[in-house]
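Asks: File follows, query.cif with mmCIF, C-alpha atoms and all ligand atoms:
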```
data_data
loop_
_atom_site.label_atom_id
_atom_site.label_comp_id
_atom_site.auth_asym_id
_atom_site.auth_seq_id
_atom_site.Cartn_x
_atom_site.Cartn_y
_atom_site.Cartn_z
CA MET I 1 114.48 65.23 180.71
CA PRO I 2 117.69 64.63 182.58
CA ARG I 3 118.74 67.52 184.79
CA ILE I 4 122.33 67.68 185.91
CA VAL I 5 123.53 70.08 188.62
CA PHE I 6 127.17 71.23 188.87
CA PHE I 7 128.06 72.22 192.44
CA SER I 8 131.17 73.10 194.43
CA ILE I 9 131.93 74.22 197.96
CA LYS I 10 134.20 76.97 196.66
CA GLY I 11 134.50 78.98 193.48
CA GLY I 12 137.44 78.92 191.10
CA VAL I 13 137.63 75.12 190.84
CA GLY I 14 136.85 74.94 187.12
CA ARG I 15 133.19 74.03 187.56
CA SER I 16 131.75 76.44 184.96
CA THR I 17 134.52 75.51 182.56
CA ALA I 18 133.69 71.81 182.96
CA LEU I 19 130.00 72.56 182.43
CA ALA I 20 130.75 74.52 179.25
CA ALA I 21 132.93 71.67 177.96
CA THR I 22 130.16 69.17 178.78
CA ALA I 23 127.62 71.27 176.89
CA TRP I 24 130.01 71.52 173.95
CA SER I 25 130.57 67.78 173.93
CA LEU I 26 126.86 66.89 174.15
CA ALA I 27 126.06 69.33 171.34
CA GLN I 28 128.88 67.86 169.29
CA ALA I 29 127.12 64.50 169.65
CA GLY I 30 123.95 66.03 168.21
CA LYS I 31 122.11 66.74 171.47
CA ARG I 32 119.93 69.72 172.33
CA VAL I 33 121.34 71.13 175.53
CA LEU I 34 119.76 73.68 177.86
CA VAL I 35 122.27 75.44 180.10
CA LEU I 36 121.29 77.59 183.08
CA ASP I 37 123.58 79.89 185.04
CA LEU I 38 122.16 79.71 188.55
CA ASP I 39 125.39 80.98 190.09
CA LEU I 40 123.72 84.37 190.33
CA GLU I 41 126.20 85.78 192.85
CA SER I 42 129.18 85.01 190.64
CA PRO I 43 127.94 84.51 187.10
CA GLY I 44 130.19 83.70 184.18
CA LEU I 45 128.87 80.69 182.33
CA SER I 46 126.98 82.59 179.66
CA SER I 47 130.00 84.65 178.67
CA ALA I 48 131.87 81.36 178.30
CA LEU I 49 129.29 80.07 175.84
CA LEU I 50 128.02 83.23 174.15
CA PRO I 51 129.90 86.09 172.50
CA PRO I 52 128.77 89.53 173.76
CA GLU I 53 126.56 90.22 170.73
CA ARG I 54 124.52 87.06 171.41
CA GLN I 55 123.74 87.76 175.08
CA PRO I 56 119.95 87.83 175.53
CA MET I 57 118.19 90.87 176.95
CA TYR I 58 117.26 89.20 180.25
CA GLY I 59 118.49 86.51 182.60
CA ILE I 60 117.30 84.33 185.50
CA THR I 61 117.61 87.22 187.96
CA ASP I 62 115.27 89.39 185.90
CA TRP I 63 112.72 86.58 185.70
CA LEU I 64 112.81 85.89 189.45
CA VAL I 65 112.28 89.59 190.21
CA GLU I 66 109.63 90.20 187.54
CA ASP I 67 107.74 87.04 188.49
CA LEU I 68 107.15 88.55 191.92
CA VAL I 69 104.92 91.15 190.28
CA GLY I 70 103.42 88.83 187.66
CA ASN I 71 105.63 89.93 184.73
CA GLY I 72 107.64 86.73 184.32
CA ASP I 73 106.19 85.93 180.90
CA VAL I 74 107.50 89.16 179.38
CA VAL I 75 111.03 88.21 180.43
CA LEU I 76 110.70 84.55 179.38
CA ASP I 77 110.59 85.52 175.70
CA SER I 78 114.01 87.19 175.83
CA MET I 79 116.15 85.15 178.19
CA VAL I 80 117.43 82.29 176.03
CA ALA I 81 120.16 82.52 173.39
CA THR I 82 121.81 79.85 171.26
CA SER I 83 125.54 79.43 171.36
CA ASN I 84 127.52 79.59 168.13
CA LEU I 85 129.86 76.90 169.46
CA SER I 86 127.49 74.05 168.68
CA HIS I 87 127.95 72.28 165.40
CA ASP I 88 125.55 69.37 165.12
CA GLY I 89 123.41 69.90 168.20
CA GLU I 90 122.32 73.09 169.91
CA ILE I 91 123.32 74.80 173.12
CA HIS I 92 120.58 77.04 174.53
CA VAL I 93 121.92 79.32 177.22
CA VAL I 94 119.98 81.09 179.97
CA PRO I 95 122.31 83.60 181.66
CA ALA I 96 122.23 84.86 185.23
CA HIS I 97 121.70 88.41 183.99
CA GLY I 98 120.84 90.02 180.68
CA ALA I 99 122.98 92.07 178.30
CA GLU I 100 121.92 95.24 180.08
CA HIS I 101 122.75 94.41 183.65
CA GLY I 102 122.27 97.88 185.07
CA GLU I 103 120.21 97.03 188.13
CA TYR I 104 121.76 93.62 188.65
CA ILE I 105 123.22 93.98 192.12
CA ALA I 106 120.09 95.72 193.43
CA LYS I 107 117.90 92.98 191.92
CA LEU I 108 119.93 90.22 193.56
CA GLY I 109 118.53 91.28 196.91
CA ARG I 110 115.04 90.31 195.79
CA VAL I 111 115.54 87.09 193.82
CA TRP I 112 115.20 84.67 196.72
CA MET I 113 111.93 86.17 197.95
CA PRO I 114 108.74 84.10 198.09
CA LYS I 115 105.82 85.16 195.92
CA LEU I 116 102.55 86.12 197.52
CA HIS I 117 99.71 85.19 195.20
CA ALA I 118 96.38 87.04 195.07
CA ASP I 119 94.66 84.10 196.81
CA GLY I 120 97.05 84.40 199.76
CA ARG I 121 99.18 81.44 198.69
CA ARG I 122 102.89 81.80 199.45
CA GLU I 123 105.22 80.28 196.86
CA THR I 124 108.86 79.70 197.86
CA TRP I 125 111.67 80.81 195.58
CA SER I 126 112.61 77.21 194.88
CA ALA I 127 109.03 76.46 193.76
CA ARG I 128 109.21 79.56 191.55
CA LEU I 129 112.50 78.37 190.09
CA GLU I 130 110.96 74.95 189.36
CA ARG I 131 108.14 76.74 187.53
CA LEU I 132 110.74 78.64 185.47
CA LEU I 133 112.64 75.43 184.69
CA GLN I 134 109.48 73.71 183.49
CA ALA I 135 108.57 76.68 181.29
CA LEU I 136 112.06 76.72 179.76
CA GLU I 137 112.05 72.95 179.23
CA ALA I 138 108.64 73.15 177.52
CA ARG I 139 109.96 75.90 175.26
CA VAL I 140 113.40 74.51 174.36
CA ARG I 141 112.59 70.77 174.56
CA PRO I 142 116.20 69.86 175.41
CA ASP I 143 117.66 66.36 175.55
CA VAL I 144 119.56 67.34 178.68
CA VAL I 145 119.61 70.28 181.11
CA LEU I 146 122.86 71.44 182.73
CA ILE I 147 122.62 73.74 185.76
CA ASP I 148 125.55 75.74 187.14
CA SER I 149 124.67 76.05 190.82
CA ARG I 150 125.66 78.57 193.44
CA SER I 151 128.66 77.47 195.51
CA GLY I 152 128.99 77.35 199.27
CA ILE I 153 126.97 75.70 201.98
CA ASP I 154 124.22 78.18 202.73
CA GLU I 155 120.53 77.40 202.51
CA ILE I 156 120.13 78.70 198.98
CA ALA I 157 123.06 76.72 197.63
CA SER I 158 121.77 73.63 199.42
CA ALA I 159 118.26 74.06 198.00
CA CYS I 160 119.74 74.49 194.52
CA ILE I 161 120.97 70.92 194.95
CA THR I 162 118.05 69.31 196.74
CA ASP I 163 115.09 71.11 195.15
CA MET I 164 115.99 71.10 191.46
CA GLY I 165 114.77 67.57 190.74
CA ALA I 166 118.26 66.69 189.50
CA ASN I 167 119.08 63.22 188.19
CA LEU I 168 122.78 63.77 188.79
CA ILE I 169 124.45 66.14 191.23
CA LEU I 170 128.13 66.68 190.53
CA LEU I 171 130.10 67.70 193.61
CA PHE I 172 133.34 69.35 192.48
CA ALA I 173 136.13 68.84 194.97
CA LEU I 174 139.68 70.03 195.46
CA GLU I 175 141.69 67.90 197.86
CA GLY I 176 141.93 69.66 201.22
CA GLU I 177 140.24 70.13 204.56
CA GLN I 178 138.12 73.05 203.45
CA THR I 179 136.42 70.94 200.81
CA TRP I 180 135.74 67.95 203.01
CA ASN I 181 134.64 69.93 206.06
CA GLY I 182 132.25 71.78 203.79
CA TYR I 183 130.77 68.63 202.26
CA ARG I 184 130.49 67.03 205.66
CA MET I 185 128.46 69.97 207.01
CA LEU I 186 126.27 69.92 203.93
CA PHE I 187 125.60 66.16 204.14
CA GLU I 188 124.86 66.42 207.86
CA GLN I 189 122.40 69.21 207.14
CA TRP I 190 120.63 66.96 204.60
CA GLN I 191 120.43 64.21 207.20
CA ARG I 192 118.86 66.57 209.74
CA ALA I 193 116.43 67.85 207.13
CA GLY I 194 115.51 64.26 206.21
CA VAL I 195 116.44 64.60 202.52
CA ALA I 196 119.72 62.66 202.54
CA GLU I 197 118.22 59.31 201.55
CA GLN I 198 116.26 60.87 198.78
CA ILE I 199 119.22 62.53 197.05
CA ARG I 200 122.27 60.49 198.00
CA GLU I 201 121.90 58.10 195.06
CA ARG I 202 122.22 60.98 192.65
CA LEU I 203 125.46 62.38 194.02
CA GLN I 204 128.82 62.06 192.32
CA VAL I 205 132.16 63.54 193.38
CA VAL I 206 134.26 65.13 190.64
CA GLY I 207 137.98 65.68 191.20
CA ALA I 208 138.43 69.29 190.10
CA VAL I 209 141.55 70.46 188.23
CA VAL I 210 143.58 67.37 189.14
CA PRO I 211 147.27 68.37 188.99
CA GLU I 212 149.69 66.77 186.53
CA LEU I 213 152.30 66.28 189.24
CA ASP I 214 151.81 63.20 191.48
CA ARG I 215 148.44 62.68 189.90
CA VAL I 216 147.89 59.16 191.23
CA GLU I 217 148.74 60.10 194.83
CA TYR I 218 146.55 63.16 194.59
CA LEU I 219 143.56 61.11 193.40
CA GLU I 220 144.15 58.51 196.11
CA GLY I 221 144.06 61.21 198.79
CA LEU I 222 140.94 62.68 197.29
CA ARG I 223 139.22 59.30 197.22
CA GLU I 224 140.23 58.47 200.78
CA HIS I 225 138.90 61.71 202.23
CA SER I 226 135.79 61.58 200.10
CA TYR I 227 135.13 58.06 201.38
CA GLU I 228 135.59 59.18 204.97
CA VAL I 229 132.96 61.89 204.62
CA PHE I 230 130.44 59.70 202.77
CA GLY I 231 131.12 56.89 205.23
CA VAL I 232 130.24 58.87 208.36
CA THR I 233 127.29 60.68 206.83
CA LEU I 234 125.46 59.26 203.83
CA TYR I 235 126.45 55.61 203.72
CA ASP I 236 124.46 53.22 205.88
CA ASP I 237 126.16 51.38 208.69
CA ILE I 238 126.02 47.76 207.78
CA ALA I 239 125.25 45.79 210.91
CA PRO I 240 127.95 43.25 211.70
CA ALA I 241 126.76 39.68 211.86
CA THR I 242 125.77 38.76 215.42
CA PRO I 243 125.01 35.31 216.92
CA ASP I 244 121.33 36.28 216.88
CA THR I 245 121.17 36.75 213.18
CA VAL I 246 123.67 34.28 211.77
CA GLY I 247 124.66 30.98 213.30
CA PRO I 248 123.49 27.61 214.56
CA LYS I 249 120.04 27.46 216.09
CA GLU I 250 117.71 24.84 217.63
CA VAL I 251 114.39 24.74 215.79
CA ASP I 252 111.91 22.04 217.00
CA GLY I 253 114.75 20.01 218.48
CA LYS I 254 116.75 20.06 215.20
CA ARG I 255 119.93 21.97 214.78
CA THR I 256 119.80 24.24 211.75
CA TRP I 257 121.88 27.05 210.41
CA GLN I 258 120.08 30.28 210.54
CA VAL I 259 120.92 32.95 208.06
CA GLY I 260 119.52 36.05 209.61
CA SER I 261 117.88 38.76 207.64
CA LEU I 262 120.89 41.01 207.53
CA VAL I 263 119.71 44.21 205.99
CA GLU I 264 121.94 45.13 203.08
CA GLY I 265 122.41 48.86 203.38
CA TRP I 266 123.46 51.53 200.95
CA ASN I 267 127.20 51.29 201.25
CA PHE I 268 130.30 50.94 199.07
CA ASP I 269 133.90 49.86 199.31
CA GLU I 270 136.42 52.64 199.24
CA ALA I 271 137.90 51.24 196.00
CA ASP I 272 134.53 50.77 194.24
CA GLU I 273 134.82 52.77 191.02
CA GLY I 274 131.06 52.98 190.66
CA ALA I 275 130.62 54.55 194.10
CA PRO I 276 129.51 58.18 194.42
CA HIS I 277 132.57 59.04 196.52
CA HIS I 278 134.96 57.72 193.86
CA PRO I 279 136.02 60.86 191.98
CA TRP I 280 135.59 61.38 188.27
CA ALA I 281 138.76 63.27 187.43
CA VAL I 282 138.88 66.52 185.49
CA ASN I 283 142.50 67.21 184.66
CA TRP I 284 144.28 70.50 185.06
CA HIS I 285 145.44 71.55 181.63
CA ARG I 286 147.63 74.48 180.73
CA SER I 287 145.45 75.42 177.77
CA PHE I 288 142.66 76.28 180.25
CA ALA I 289 144.75 77.95 182.93
CA GLY I 290 144.33 81.72 183.22
CA LEU I 291 142.21 81.99 180.09
CA ARG I 292 141.00 85.42 179.06
CA SER I 293 138.15 83.98 177.04
CA LEU I 294 136.74 80.49 177.42
CA GLN I 295 134.52 81.25 174.43
CA GLY I 296 137.66 81.65 172.29
CA ARG I 297 139.19 78.46 173.72
CA LEU I 298 136.09 76.33 173.07
CA ALA I 299 135.83 77.66 169.54
CA VAL I 300 139.10 75.96 168.64
CA ILE I 301 138.97 72.85 170.82
CA ASP I 302 138.55 69.35 169.39
CA THR I 303 137.02 66.11 170.62
CA GLN I 304 140.34 64.49 171.51
CA GLU I 305 141.43 67.41 173.68
CA VAL I 306 138.10 67.60 175.48
CA LYS I 307 138.24 63.87 176.12
CA ALA I 308 141.77 64.03 177.52
CA ILE I 309 140.80 66.71 180.05
CA PHE I 310 137.16 65.95 180.87
CA GLY I 311 136.81 62.29 179.73
CA PRO I 312 135.34 60.54 182.81
CA LEU I 313 132.96 63.44 183.45
CA LEU I 314 131.65 63.32 179.88
CA GLU I 315 131.22 59.55 179.96
CA GLY I 316 129.40 59.70 183.28
CA VAL I 317 127.09 62.49 182.17
CA ASN I 318 126.32 60.66 178.92
CA HIS I 319 125.51 57.52 180.83
CA VAL I 320 123.12 59.21 183.27
CA ALA I 321 121.47 61.16 180.45
CA GLU I 322 120.85 57.94 178.47
CA VAL I 323 119.56 55.99 181.47
CA THR I 324 117.22 58.82 182.46
CA ARG I 325 115.86 59.26 178.97
CA GLN I 326 115.16 55.56 178.61
CA ALA I 327 113.38 55.39 181.96
N1 LIG K 401 140.88 71.99 183.55
C1 LIG K 401 141.45 73.17 183.82
N2 LIG K 401 142.81 73.30 183.80
C2 LIG K 401 143.39 74.48 184.09
N3 LIG K 401 142.73 75.61 184.39
C3 LIG K 401 141.38 75.56 184.43
C4 LIG K 401 140.68 74.35 184.16
N4 LIG K 401 139.34 74.61 184.28
C5 LIG K 401 139.23 75.91 184.61
N5 LIG K 401 140.44 76.50 184.69
C6 LIG K 401 140.70 77.91 185.03
O1 LIG K 401 140.36 78.12 186.41
C7 LIG K 401 139.72 79.37 186.59
C8 LIG K 401 138.35 79.16 187.22
O2 LIG K 401 137.53 78.45 186.33
P1 LIG K 401 135.92 78.49 186.43
O3 LIG K 401 135.42 77.45 185.49
O4 LIG K 401 135.42 79.87 186.24
O5 LIG K 401 135.72 78.04 187.93
P2 LIG K 401 134.41 78.06 188.86
O6 LIG K 401 133.21 78.02 187.96
O7 LIG K 401 134.57 76.83 189.69
O8 LIG K 401 134.48 79.30 189.67
C9 LIG K 401 139.68 80.01 185.21
O9 LIG K 401 140.76 80.90 185.09
C10 LIG K 401 139.81 78.85 184.26
O10 LIG K 401 140.35 79.23 183.02
MG MG K 402 131.62 79.39 187.90
#
```
Please lay out the structure from this file as structure tokens.

Replies:
Amino acid sequence: MPRIVFFSIKGGVGRSTALAATAWSLAQAGKRVLVLDLDLESPGLSSALLPPERQPMYGITDWLVEDLVGNGDVVLDSMVATSNLSHDGEIHVVPAHGAEHGEYIAKLGRVWMPKLHADGRRETWSARLERLLQALEARVRPDVVLIDSRSGIDEIASACITDMGANLILLFALEGEQTWNGYRMLFEQWQRAGVAEQIRERLQVVGAVVPELDRVEYLEGLREHSYEVFGVTLYDDIAPATPDTVGPKEVDGKRTWQVGSLVEGWNFDEADEGAPHHPWAVNWHRSFAGLRSLQGRLAVIDTQEVKAIFGPLLEGVNHVAEVTRQA
């Protein structure tokens, strides 16, 4: 099952909105979609996809806390709701918190704790989360899983990217130093931790709320700075040809042309549209700006509108979902 993680350095960049629109679009195409709100510190996705009366009793936070004391299964039965926005397919939503969120803030302090099992085994929170994901996938049997991740560059946010077994990791980016300094620190951390090579092929930059004004220049700047950061961190340095590896050589008294074994690294041209640094653009659109209810907006949206705003993102997600399912 393809798992797709939506991440951003900062909040307020339209990430949850884009995820909701992606879920809507996949469901519209007849898919079963499982959506998880893992942005526990600033939840909002479930209210975008579910009206208040459909909110389930529990959420991911309740499960993570109850699992510590062996009560996870009780919560599992009441933490998934179906959205009424889906027409042909289905959107199954797992919120960050349940309808009765009384103890929510107090519970947040315990969610990232490891579990100590009776046999002395210590299970990390990310292993516990993987166990939850597998249980939900076995229950819902989705065609695709969309995960709204925590933002920022702390250890938890980073693990939400590296430890979720994602097939595609969407990195939402606004043009600006804050974004690129943040991504650079994150990528460097992955290099130090030795996970960069393992996840870099699954990364994809998304241009968040791309402005209408000077759109082309904006996207060029975004691409240039994205390329700079990928270039100095995740892309391999491709060794320049040296006389030792390429050039004329005497072998047994005969002059031959040696083509050295230049190692082709993992690298891309700045202009390569298929490169992970090359942004998929999500357009700013007035019909989404300052919305009171995304739920209300999605209820009246149509395929053409969604395509005009989120087109490249939807195509990319569809492509990865298809490739993963065929593999
Ligand atoms: N494509 C868009 N065009 C204009 N405004 C948008 C767009 N996407 C989201 N917004 C608005 O931006 C704000 C933040 O969106 P949200 O999806 O909650 O961001 P995030 O999940 O990154 O914090 C909301 O007021 C939302 O209505
Ligand atoms: Mg959000």

Asks: Build an axis-aligned box that encloses every atom of range 158-168 of chain I listed in the file, pad it by 3 Å on each side, and report its centre and edge lengths in Å to one decimal, as JSON.

Replies:
```
{"center_x": 118.8, "center_y": 68.9, "center_z": 193.8, "size_x": 14.0, "size_y": 17.3, "size_z": 17.2}
```

Asks: With ligand MG 402 (chain K) as the partner and 9 Å as the cut-off, tabulate the residues of chain I that qualify, each row holding the nearest pair of atoms and their distance in Å to one decimal, using only C-alpha atoms and all ligand atoms, sorted by chain and rising number, as JSON lines.

Replies:
```
{"residue": "I:Gly11", "atom": "CA", "partner": "K:MG402", "partner_atom": "MG", "distance": 6.3}
{"residue": "I:Gly12", "atom": "CA", "partner": "K:MG402", "partner_atom": "MG", "distance": 6.7}
{"residue": "I:Val13", "atom": "CA", "partner": "K:MG402", "partner_atom": "MG", "distance": 7.9}
{"residue": "I:Gly14", "atom": "CA", "partner": "K:MG402", "partner_atom": "MG", "distance": 6.9}
{"residue": "I:Arg15", "atom": "CA", "partner": "K:MG402", "partner_atom": "MG", "distance": 5.6}
{"residue": "I:Ser16", "atom": "CA", "partner": "K:MG402", "partner_atom": "MG", "distance": 4.2}
{"residue": "I:Thr17", "atom": "CA", "partner": "K:MG402", "partner_atom": "MG", "distance": 7.2}
{"residue": "I:Leu19", "atom": "CA", "partner": "K:MG402", "partner_atom": "MG", "distance": 8.9}
{"residue": "I:Asp37", "atom": "CA", "partner": "K:MG402", "partner_atom": "MG", "distance": 8.5}
{"residue": "I:Asp39", "atom": "CA", "partner": "K:MG402", "partner_atom": "MG", "distance": 6.8}
{"residue": "I:Ser42", "atom": "CA", "partner": "K:MG402", "partner_atom": "MG", "distance": 6.7}
{"residue": "I:Pro43", "atom": "CA", "partner": "K:MG402", "partner_atom": "MG", "distance": 6.4}
{"residue": "I:Gly44", "atom": "CA", "partner": "K:MG402", "partner_atom": "MG", "distance": 5.9}
{"residue": "I:Leu45", "atom": "CA", "partner": "K:MG402", "partner_atom": "MG", "distance": 6.3}
{"residue": "I:Asp148", "atom": "CA", "partner": "K:MG402", "partner_atom": "MG", "distance": 7.1}
{"residue": "I:Ser149", "atom": "CA", "partner": "K:MG402", "partner_atom": "MG", "distance": 8.2}
{"residue": "I:Arg150", "atom": "CA", "partner": "K:MG402", "partner_atom": "MG", "distance": 8.2}
{"residue": "I:Ser151", "atom": "CA", "partner": "K:MG402", "partner_atom": "MG", "distance": 8.4}
```

Asks: What does the structure give for the distance between CA of Phe172 in chain I and CA of Pro52 in chain I, in Å to one decimal?

Replies: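 Going from CA of Phe172 in chain I over to CA of Pro52 in chain I, I get 27.9 Å.
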
Asks: With all atoms listed in the file as the counted atoms, please give the residues lying no more than 8 Å from Thr233 in chain I, apart from itself and same-chain residues fewer than 6 positions off, as a list in words.

Replies: Arg184, Phe187, Glu188 and Gln191 of chain I

Asks: With 10 Å as the threshold, what does the neighbourhood of (129.5, 79.7, 177.4) contain in terms of residues, counting only C-alpha atoms? Coordinates are those of the file; answer as a ChimeraX atom specification.

Replies: /I:16-17,19-21,23-24,35,37,44-51,82-85,91-95,293-296,298

Asks: Taking only C-alpha atoms and all ligand atoms into account, which of I:Glu305, I:Glu220, I:Asp62, I:Glu90 comes nearest ligand LIG 401 (chain K)?

Replies: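 That would be I:Glu305, the residue with the smallest distance to ligand LIG 401 (chain K).
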
Asks: Quick one: residues within 10 Å of range 158-171 of chain I, all atoms listed in the file counted, chain neighbours fewer than 4 positions away excluded, as a ChimeraX atom specification?

Replies: /I:1-9,15,38-39,125-127,129-130,133,145-154,183,186-187,189-190,195-196,198-208,276-277,279-280,313,316-317,320-321,323-324

Asks: Using only C-alpha atoms, which of the listed residues (I:Phe230, I:Leu68, I:Ser25, I:His285) sits closest to Ala118 in chain I?

Replies: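 Among I:Phe230, I:Leu68, I:Ser25, I:His285, it is I:Leu68 that comes nearest to Ala118 in chain I.
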
Asks: Separation of CA of Met79 in chain I and CA of Ala99 in chain I, in Å?

Replies: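 Going from CA of Met79 in chain I over to CA of Ala99 in chain I covers 9.7 Å.
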
Asks: So how far away is CA of Arg325 in chain I from CA of Leu132 in chain I, in Å?

Replies: 21.1 Å

Asks: Around the point (114.8, 92.7, 179.8), in the coordinates given by the file, pick out the residues reaching within 10 Å, counting only C-alpha atoms, and return them as a VMD selection string.

Replies: chain I and resid 56 to 59 62 to 63 66 74 to 79 97 to 101

Asks: For each of I:Gly120, I:Ala275, I:Phe288, I:Val80, take the minimum atom-to-atom distance to Glu137 in chain I, counting only C-alpha atoms, then give the residue where this is smallest.

Replies: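 Comparing I:Gly120, I:Ala275, I:Phe288, I:Val80 against Glu137 in chain I, the winner is I:Val80.
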
Asks: Which is closer to Glu175 in chain I than all the others in I:Ile238, I:Ala281, I:Leu108, I:Ala81, using only C-alpha atoms?

Replies: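 So, comparing all the options, the nearest one is I:Ala281.
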
Asks: Taking into account all atoms listed in the file, which residue in the set I:Pro211, I:Gly221, I:Pro142, I:Gly265 is nearest to ligand LIG 401 (chain K)?

Replies: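 Answer, going by the shortest atom-to-atom distance: I:Pro211.
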
Asks: Starting from the incomplete input, reconstruct N, CA, C and O atoms of range 281-297 of chain I and write that as a PDB file, keeping the file's coordinate frame.

Replies:
```pdb
ATOM      1  N   ALA I 281     137.705  62.248 187.476  1.00  0.00           N
ATOM      2  CA  ALA I 281     138.760  63.270 187.430  1.00  0.00           C
ATOM      3  C   ALA I 281     138.632  64.205 186.241  1.00  0.00           C
ATOM      4  O   ALA I 281     138.455  63.777 185.100  1.00  0.00           O
ATOM      5  N   VAL I 282     138.711  65.502 186.531  1.00  0.00           N
ATOM      6  CA  VAL I 282     138.880  66.520 185.490  1.00  0.00           C
ATOM      7  C   VAL I 282     140.322  66.992 185.625  1.00  0.00           C
ATOM      8  O   VAL I 282     140.739  67.412 186.708  1.00  0.00           O
ATOM      9  N   ASN I 283     141.079  66.890 184.549  1.00  0.00           N
ATOM     10  CA  ASN I 283     142.500  67.210 184.660  1.00  0.00           C
ATOM     11  C   ASN I 283     142.790  68.697 184.492  1.00  0.00           C
ATOM     12  O   ASN I 283     142.169  69.375 183.683  1.00  0.00           O
ATOM     13  N   TRP I 284     143.744  69.154 185.278  1.00  0.00           N
ATOM     14  CA  TRP I 284     144.280  70.500 185.060  1.00  0.00           C
ATOM     15  C   TRP I 284     144.961  70.468 183.701  1.00  0.00           C
ATOM     16  O   TRP I 284     145.621  69.486 183.350  1.00  0.00           O
ATOM     17  N   HIS I 285     144.746  71.496 182.914  1.00  0.00           N
ATOM     18  CA  HIS I 285     145.440  71.550 181.630  1.00  0.00           C
ATOM     19  C   HIS I 285     145.848  72.971 181.324  1.00  0.00           C
ATOM     20  O   HIS I 285     145.055  73.898 181.480  1.00  0.00           O
ATOM     21  N   ARG I 286     147.100  73.118 180.885  1.00  0.00           N
ATOM     22  CA  ARG I 286     147.630  74.480 180.730  1.00  0.00           C
ATOM     23  C   ARG I 286     146.820  75.304 179.741  1.00  0.00           C
ATOM     24  O   ARG I 286     146.738  76.521 179.869  1.00  0.00           O
ATOM     25  N   SER I 287     146.196  74.650 178.772  1.00  0.00           N
ATOM     26  CA  SER I 287     145.450  75.420 177.770  1.00  0.00           C
ATOM     27  C   SER I 287     144.194  76.059 178.362  1.00  0.00           C
ATOM     28  O   SER I 287     143.551  76.873 177.713  1.00  0.00           O
ATOM     29  N   PHE I 288     143.827  75.678 179.605  1.00  0.00           N
ATOM     30  CA  PHE I 288     142.660  76.280 180.250  1.00  0.00           C
ATOM     31  C   PHE I 288     143.054  77.209 181.391  1.00  0.00           C
ATOM     32  O   PHE I 288     142.228  77.922 181.934  1.00  0.00           O
ATOM     33  N   ALA I 289     144.315  77.163 181.777  1.00  0.00           N
ATOM     34  CA  ALA I 289     144.750  77.950 182.930  1.00  0.00           C
ATOM     35  C   ALA I 289     144.846  79.429 182.560  1.00  0.00           C
ATOM     36  O   ALA I 289     145.440  79.790 181.534  1.00  0.00           O
ATOM     37  N   GLY I 290     144.227  80.265 183.402  1.00  0.00           N
ATOM     38  CA  GLY I 290     144.330  81.720 183.220  1.00  0.00           C
ATOM     39  C   GLY I 290     143.826  82.219 181.873  1.00  0.00           C
ATOM     40  O   GLY I 290     144.396  83.141 181.291  1.00  0.00           O
ATOM     41  N   LEU I 291     142.762  81.590 181.386  1.00  0.00           N
ATOM     42  CA  LEU I 291     142.210  81.990 180.090  1.00  0.00           C
ATOM     43  C   LEU I 291     141.560  83.367 180.165  1.00  0.00           C
ATOM     44  O   LEU I 291     140.873  83.676 181.128  1.00  0.00           O
ATOM     45  N   ARG I 292     141.736  84.161 179.120  1.00  0.00           N
ATOM     46  CA  ARG I 292     141.000  85.420 179.060  1.00  0.00           C
ATOM     47  C   ARG I 292     139.593  85.165 178.551  1.00  0.00           C
ATOM     48  O   ARG I 292     138.640  85.737 179.026  1.00  0.00           O
ATOM     49  N   SER I 293     139.478  84.257 177.602  1.00  0.00           N
ATOM     50  CA  SER I 293     138.150  83.980 177.040  1.00  0.00           C
ATOM     51  C   SER I 293     137.951  82.487 176.807  1.00  0.00           C
ATOM     52  O   SER I 293     138.604  81.888 175.953  1.00  0.00           O
ATOM     53  N   LEU I 294     137.054  81.911 177.575  1.00  0.00           N
ATOM     54  CA  LEU I 294     136.740  80.490 177.420  1.00  0.00           C
ATOM     55  C   LEU I 294     136.033  80.275 176.080  1.00  0.00           C
ATOM     56  O   LEU I 294     136.213  79.258 175.419  1.00  0.00           O
ATOM     57  N   GLN I 295     135.223  81.260 175.704  1.00  0.00           N
ATOM     58  CA  GLN I 295     134.520  81.250 174.430  1.00  0.00           C
ATOM     59  C   GLN I 295     135.522  81.023 173.284  1.00  0.00           C
ATOM     60  O   GLN I 295     135.334  80.180 172.427  1.00  0.00           O
ATOM     61  N   GLY I 296     136.625  81.772 173.313  1.00  0.00           N
ATOM     62  CA  GLY I 296     137.660  81.650 172.290  1.00  0.00           C
ATOM     63  C   GLY I 296     138.332  80.277 172.343  1.00  0.00           C
ATOM     64  O   GLY I 296     138.623  79.674 171.313  1.00  0.00           O
ATOM     65  N   ARG I 297     138.536  79.767 173.541  1.00  0.00           N
ATOM     66  CA  ARG I 297     139.190  78.460 173.720  1.00  0.00           C
ATOM     67  C   ARG I 297     138.296  77.344 173.173  1.00  0.00           C
ATOM     68  O   ARG I 297     138.753  76.452 172.466  1.00  0.00           O
TER      69      ARG I 297
END
```
